[in-house]
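S.K.: Next comes the structure file upload-v4.cif, holding mmCIF, C-alpha atoms.
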```
data_structure
loop_
_atom_site.label_atom_id
_atom_site.label_comp_id
_atom_site.auth_asym_id
_atom_site.auth_seq_id
_atom_site.Cartn_x
_atom_site.Cartn_y
_atom_site.Cartn_z
CA MET Q 15 222.41 107.09 83.25
CA THR Q 16 219.94 106.14 85.96
CA PRO Q 17 219.78 105.54 88.88
CA ASN Q 18 222.76 107.61 90.00
CA PRO Q 19 223.77 107.33 92.85
CA ALA Q 20 223.22 103.55 92.86
CA THR Q 21 223.61 100.78 95.44
CA LEU Q 22 224.73 97.16 95.19
CA ASP Q 23 222.47 95.06 92.88
CA ASP Q 24 220.77 98.15 91.43
CA TYR Q 25 220.07 97.93 87.67
CA VAL Q 26 221.71 100.94 86.00
CA THR Q 27 220.42 101.91 82.53
CA ILE Q 28 222.40 103.95 80.00
CA ILE Q 29 220.46 105.49 77.08
CA GLY Q 30 221.93 107.59 74.28
CA TYR Q 31 222.67 107.91 70.58
CA SER Q 32 225.85 107.59 68.55
CA GLU Q 33 227.32 109.07 65.41
CA LYS Q 34 226.22 107.50 62.14
CA GLY Q 35 228.13 104.36 61.22
CA ALA Q 36 228.77 103.11 64.77
CA GLU Q 37 227.16 99.67 65.00
CA ASN Q 38 228.30 99.03 68.59
CA ILE Q 39 229.00 101.22 71.61
CA GLU Q 40 231.68 100.31 74.17
CA ILE Q 41 230.90 101.11 77.80
CA ASP Q 42 233.95 101.06 80.12
CA VAL Q 43 233.67 101.36 83.92
CA LEU Q 44 236.88 102.62 85.62
CA ASP Q 45 237.66 102.91 89.32
CA ALA Q 46 239.21 105.94 91.06
CA GLN Q 47 242.73 104.80 90.05
CA GLY Q 48 241.74 104.55 86.38
CA ASN Q 49 241.67 100.73 86.33
CA LYS Q 50 239.06 99.21 84.02
CA VAL Q 51 236.74 97.02 86.10
CA HIS Q 52 234.00 96.30 83.54
CA THR Q 53 233.52 96.56 79.77
CA TYR Q 54 230.12 96.21 78.11
CA LEU Q 55 229.15 96.22 74.41
CA ALA Q 56 225.82 97.81 73.40
CA ALA Q 57 224.30 97.42 69.92
CA THR Q 58 222.83 100.47 68.13
CA ASP Q 59 219.73 100.52 65.94
CA ALA Q 60 219.41 101.99 62.44
CA SER Q 61 219.15 105.56 63.78
CA GLY Q 62 222.15 105.18 66.13
CA ASP Q 63 220.15 104.92 69.37
CA PHE Q 64 221.26 102.49 72.08
CA ASN Q 65 219.85 101.33 75.40
CA TYR Q 66 221.95 99.19 77.77
CA GLY Q 67 221.67 98.15 81.40
CA PHE Q 68 223.86 96.33 83.92
CA HIS Q 69 223.67 95.18 87.55
CA VAL Q 70 225.91 97.04 90.02
CA ASP Q 71 228.46 94.73 91.70
CA LEU Q 72 230.92 97.47 92.72
CA ALA Q 73 232.21 98.57 96.11
CA PRO Q 74 231.03 101.99 97.35
CA GLY Q 75 232.90 104.88 95.72
CA GLN Q 76 233.20 107.05 92.59
CA TYR Q 77 233.52 105.42 89.15
CA THR Q 78 234.03 106.87 85.68
CA VAL Q 79 231.79 105.48 82.92
CA ASN Q 80 233.32 106.06 79.47
CA VAL Q 81 230.90 105.63 76.54
CA GLY Q 82 232.29 105.62 72.99
CA SER Q 83 233.38 103.65 69.94
CA PRO Q 84 236.59 103.38 67.85
CA SER Q 85 234.62 104.61 64.84
CA MET Q 86 233.42 107.74 66.65
CA THR Q 87 235.35 111.03 66.92
CA ARG Q 88 234.01 111.80 70.40
CA SER Q 89 233.28 109.86 73.58
CA THR Q 90 231.23 110.73 76.68
CA LYS Q 91 232.31 110.38 80.31
CA LYS Q 92 229.88 110.11 83.21
CA THR Q 93 230.50 109.77 86.95
CA LEU Q 94 228.69 106.89 88.68
CA THR Q 95 228.42 107.08 92.47
CA VAL Q 96 227.96 103.76 94.28
CA THR Q 97 226.75 104.01 97.88
CA ALA Q 98 226.55 101.40 100.62
CA ALA Q 99 223.38 99.32 100.76
CA LYS Q 100 220.79 100.37 103.30
CA THR Q 101 220.63 98.28 106.50
CA ASN Q 102 217.91 97.80 109.10
CA THR Q 103 218.17 99.80 112.35
CA THR Q 104 219.60 97.69 115.20
CA ALA Q 105 218.69 97.88 118.89
CA SER Q 106 221.87 99.85 119.73
CA GLU Q 107 221.08 102.43 117.00
CA ALA Q 108 217.52 102.88 118.25
CA GLY Q 109 218.75 104.25 121.64
CA SER Q 110 216.00 105.12 124.04
CA GLU Q 111 213.28 103.93 121.68
CA MET Q 112 213.97 100.30 122.66
CA PRO Q 113 214.49 99.04 126.24
CA VAL Q 114 217.99 97.71 126.99
CA THR Q 115 218.16 94.44 128.92
CA ASN Q 116 220.79 91.80 129.55
CA SER Q 117 219.16 89.48 127.02
CA THR Q 118 219.27 89.78 123.23
CA VAL Q 119 216.43 91.84 121.77
CA THR Q 120 214.82 90.29 118.66
CA THR Q 121 212.19 92.18 116.66
CA THR Q 122 210.05 90.29 114.15
CA THR Q 123 207.65 92.08 111.80
CA THR Q 124 204.90 89.94 110.28
CA PRO Q 125 202.64 91.23 107.47
CA VAL Q 126 199.00 91.65 108.44
CA GLY Q 127 196.97 88.50 107.75
CA ILE Q 128 200.04 86.22 107.47
CA THR Q 129 201.32 84.08 110.32
CA PRO Q 130 205.10 83.55 110.76
CA ALA Q 131 204.78 79.99 109.44
CA GLU Q 132 203.26 81.29 106.21
CA THR Q 133 205.99 83.89 105.44
CA THR Q 134 208.27 82.57 102.66
CA SER Q 135 210.76 84.01 100.17
CA THR Q 136 209.68 84.77 96.62
CA PRO Q 137 210.29 81.73 94.36
CA SER Q 138 212.43 82.30 91.28
CA GLY Q 139 214.37 80.58 88.50
CA SER Q 140 217.18 81.59 86.17
CA LEU Q 141 217.58 82.22 82.44
CA VAL Q 142 220.73 81.61 80.38
CA VAL Q 143 220.81 83.16 76.88
CA SER Q 144 223.49 82.78 74.21
CA SER Q 145 223.34 83.48 70.48
CA LYS Q 146 225.16 83.35 67.18
CA PRO Q 147 226.43 86.03 66.71
CA VAL Q 148 227.29 87.06 70.27
CA GLY Q 149 226.63 90.60 71.52
CA ALA Q 150 222.94 90.54 70.56
CA SER Q 151 220.51 92.62 72.66
CA VAL Q 152 218.20 90.55 74.89
CA TYR Q 153 214.68 91.73 75.81
CA LEU Q 154 212.69 89.90 78.50
CA ASP Q 155 208.99 90.69 78.24
CA SER Q 156 209.86 93.79 76.12
CA VAL Q 157 212.44 95.08 78.67
CA LEU Q 158 216.13 95.29 77.68
CA VAL Q 159 218.12 93.18 80.16
CA GLY Q 160 221.59 92.95 78.53
CA THR Q 161 223.54 91.36 75.68
CA THR Q 162 224.55 87.77 74.93
CA PRO Q 163 226.02 85.73 76.48
CA LEU Q 164 223.76 86.54 79.44
CA THR Q 165 222.69 84.88 82.70
CA LEU Q 166 219.68 86.28 84.59
CA ASN Q 167 218.91 85.21 88.13
CA ALA Q 168 215.73 85.81 90.13
CA VAL Q 169 213.42 85.39 87.11
CA SER Q 170 209.83 84.84 88.23
CA PRO Q 171 208.45 81.36 87.38
CA GLY Q 172 205.94 81.15 84.56
CA ALA Q 173 205.61 82.10 80.90
CA HIS Q 174 207.85 84.79 79.43
CA THR Q 175 208.81 86.10 75.99
CA VAL Q 176 212.49 86.51 75.08
CA GLU Q 177 213.37 88.65 72.04
CA ILE Q 178 216.90 88.79 70.64
CA ARG Q 179 218.00 91.57 68.26
CA SER Q 180 221.24 92.25 66.43
CA PRO Q 181 222.02 94.72 63.60
CA GLY Q 182 221.87 92.99 60.20
CA TYR Q 183 219.84 90.03 61.51
CA LEU Q 184 216.13 89.27 61.75
CA PRO Q 185 214.70 89.64 65.31
CA CYS Q 186 214.21 86.32 67.11
CA SER Q 187 211.26 85.93 69.52
CA ILE Q 188 211.03 82.83 71.75
CA GLY Q 189 208.35 81.88 74.27
CA ILE Q 190 209.74 80.17 77.39
CA THR Q 191 208.50 78.80 80.70
CA VAL Q 192 210.72 79.35 83.74
CA SER Q 193 210.50 76.80 86.58
CA GLU Q 194 211.26 77.53 90.21
CA GLY Q 195 214.83 76.66 91.20
CA LYS Q 196 215.80 75.62 87.66
CA ALA Q 197 217.83 77.20 84.85
CA THR Q 198 216.18 77.69 81.45
CA GLU Q 199 218.69 77.84 78.57
CA ILE Q 200 218.16 79.09 75.00
CA SER Q 201 220.79 79.42 72.27
CA PRO Q 202 219.29 80.54 68.94
CA GLU Q 203 221.29 80.98 65.74
CA MET Q 204 220.09 84.22 64.19
CA VAL Q 205 219.20 84.58 60.50
CA LYS Q 206 220.67 87.41 58.46
CA SER Q 207 218.26 90.06 57.21
CA PRO Q 208 217.55 89.81 53.43
CA SER Q 209 218.65 93.43 53.01
CA SER Q 210 222.10 92.56 54.38
CA LEU Q 211 222.68 89.52 52.13
CA PRO Q 212 225.03 89.96 49.13
CA LEU Q 213 223.53 89.80 45.65
CA SER Q 214 223.99 86.35 44.09
CA PRO Q 215 225.97 86.09 40.78
CA LEU Q 216 222.91 84.75 38.93
CA ALA Q 217 220.76 87.67 40.11
CA ALA Q 218 223.47 90.08 39.01
CA VAL Q 219 223.56 88.50 35.50
CA PHE Q 220 219.77 88.78 35.15
CA GLY Q 221 219.97 92.39 36.32
CA CYS Q 222 222.54 93.21 33.59
CA ILE Q 223 220.42 91.50 30.89
CA ILE Q 224 217.26 93.36 31.94
CA GLY Q 225 219.17 96.65 32.01
CA ALA Q 226 220.57 96.06 28.50
CA LEU Q 227 217.09 95.23 27.12
CA CYS Q 228 215.71 98.44 28.63
CA ILE Q 229 218.46 100.50 26.91
CA ILE Q 230 217.80 98.78 23.54
CA ALA Q 231 214.06 99.42 23.88
CA VAL Q 232 214.63 103.12 24.59
CA ARG Q 233 216.96 103.53 21.60
CA SER Q 234 214.48 101.73 19.27
CA HIS Q 235 211.70 104.00 20.41
CA ARG Q 236 213.80 107.13 19.67
CA LYS Q 237 214.53 105.92 16.08
#
```
Using structure tokens, write down the structure from this file.
M.R.:
Amino acid sequence: MTPNPATLDDYVTIIGYSEKGAENIEIDVLDAQGNKVHTYLAATDASGDFNYGFHVDLAPGQYTVNVGSPSMTRSTKKTLTVTAAKTNTTASEAGSEMPVTNSTVTTTTTPVGITPAETTSTPSGSLVVSSKPVGASVYLDSVLVGTTPLTLNAVSPGAHTVEIRSPGYLPCSIGITVSEGKATEISPEMVKSPSSLPLSPLAAVFGCIIGALCIIAVRSHRK
């Protein structure tokens, strides 16, 4: 689990592996009193590995992160420490380094080569992803960002690739273009993997016929 300690709006990633047979991993975040404040569901791959991340929106303090599954015999507990966000040093904190006058002291730092009029915030858009089935893993430009349904803010404008994966379904890759100040929404319906589809009755009948013919041919050859 990293980073740990974390601050508000940090993106915490949990990586691990589960016992065989566990298709999903439940991640519970509990406060100091044992109250559940968040529950996340992470999908596992064929080998049982999982990789899940979430944004920290918790008050400073100690939290217990319980990772497990009803189908598993064991669970893992980790302690997540959330610290207060860093703040800029004020004039009163600077002490003798800044002169004290009766007027308000305002300090403005401007990057070299950019005038104050040219300094602007970074433009961004948002991305809203849902899927059928829900709980699918979402990758933005090959980076795992969460599971559906999912809303991502502060996505840089421009072209991106969204890939959606879920056990038993074919991966879905979608090219999108995010516009500044606008929400881009996608809601694909995933297609089941051929290996997970049940055998049709007609295919089963043909399989029985072919098997019977093979047995007859072997017996004829022995005679």
S.K.: Give me the residues within 12 Å of Q:Thr21 as a list of chain:residue names, counting only C-alpha atoms and dropping any in the same chain fewer than 5 places off.
M.R.: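 My list of contacting residues is Q:Thr16, Q:Val26, Q:His69, Q:Val70, Q:Asp71, Q:Leu72, Q:Ala73, Q:Pro74, Q:Gly75, Q:Gln76, Q:Leu94, Q:Thr95, Q:Val96, Q:Thr97, Q:Ala98, Q:Ala99, Q:Lys100, Q:Thr101.
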S.K.: Would you list the contacts of Q:Thr165 as a list in words, taking every protein, DNA or RNA residue within 12 Å and counting only C-alpha atoms, but skipping same-chain residues closer than 3 positions in sequence?
M.R.: Phe68, His69, Gly139, Ser140, Leu141, Val142, Val143, Ser144, Val152, Leu154, Val159, Gly160, Thr161, Thr162, Ala168, Val169, Ala197, Thr198, Glu199, Ile200 and Ser201 of chain Q
S.K.: I'd like to know which of Q:Asn80, Q:Ser138, Q:Thr175, Q:Ser145 is closest to Q:Met15, using all atoms listed in the file.
M.R.: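 The shortest atom-to-atom distance to Q:Met15 comes from Q:Asn80.
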S.K.: For each of Q:Thr90, Q:Ser193, Q:Ser85, Q:Ser151, take the minimum atom-to-atom distance to Q:Tyr54, counting all atoms listed in the file, then give the residue where this is smallest.
M.R.: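 Using all atoms listed in the file, the shortest distance to Q:Tyr54 belongs to Q:Ser151.
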S.K.: On this structure, the PyMOL selection byres ((chain Q and resi 29-39) around 8) would catch which residues? List them as number ranges by chain, sorted by chain and number.
M.R.: Q: 15, 27-28, 40-41, 55-59, 61-66, 81-83, 85-86, 181
S.K.: Taking all atoms listed in the file into account, which of Q:Pro202, Q:Gly67, Q:Pro208, Q:Pro185 comes nearest Q:Leu158?
M.R.: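 Smallest distance to Q:Leu158 is found for Q:Gly67.
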S.K.: So, with all atoms listed in the file as the atoms that count, which of Q:Val205, Q:Val79, Q:Pro163, Q:Lys92 lies closest to Q:Val148?
M.R.: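 Once distances to Q:Val148 are computed over all atoms listed in the file, the minimum belongs to Q:Pro163.
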S.K.: Find, counting all atoms listed in the file, the residue in Q:Thr53, Q:Ala150, Q:Thr93, Q:Leu166 that gets nearest to Q:Pro17.
M.R.: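 That would be Q:Thr93, the residue with the smallest distance to Q:Pro17.
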S.K.: For the file shown, report as JSON, numbers by chain the outcome of the PyMOL selection byres ((chain Q and resi 188) around 7) at residue level.
M.R.: {"Q": [175, 176, 177, 186, 187, 189, 190]}
S.K.: Enter the distance from atom CA of Q:Thr136 to atom CA of Q:Val157, in Å, rounded to one decimal.
M.R.: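 Separating atom CA of Q:Thr136 from atom CA of Q:Val157 is a distance of 20.9 Å.
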S.K.: Just the residues within 8 Å of Q:Leu184, please, counting only C-alpha atoms, with nothing from its chain fewer than 2 positions along; format it as a ChimeraX atom specification.
M.R.: /Q:179-180,182,186,204-207
S.K.: Quick one: residues within 6 Å of Q:Leu44, all atoms listed in the file, excluding same-chain residues fewer than 2 positions away - as an MDAnalysis selection string?
M.R.: chainID Q and resid 48:51 77:78
S.K.: I need the residue set behind the PyMOL selection byres ((chain Q and resi 191) around 6) for this file; please write it as a VMD selection string.
M.R.: chain Q and resid 172 to 173 190 192
S.K.: Between atom CA of Q:Ala60 and atom CA of Q:Asp42, what distance in Å does the model show, to one decimal?
M.R.: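 Separation between atom CA of Q:Ala60 and atom CA of Q:Asp42: 22.9 Å.
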S.K.: Quick one: pull the distance between atom CA of Q:Lys146 and atom CA of Q:Thr87, Å, one decimal.
M.R.: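 Computed distance, atom CA of Q:Lys146 to atom CA of Q:Thr87, equals 29.5 Å.
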S.K.: For Q:Ser209, which of Q:Lys196, Q:Tyr183, Q:Ser156, Q:Ala46 is the closest residue, counting all atoms listed in the file?
M.R.: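 Residue with the minimum atom-to-atom distance to Q:Ser209: Q:Tyr183.
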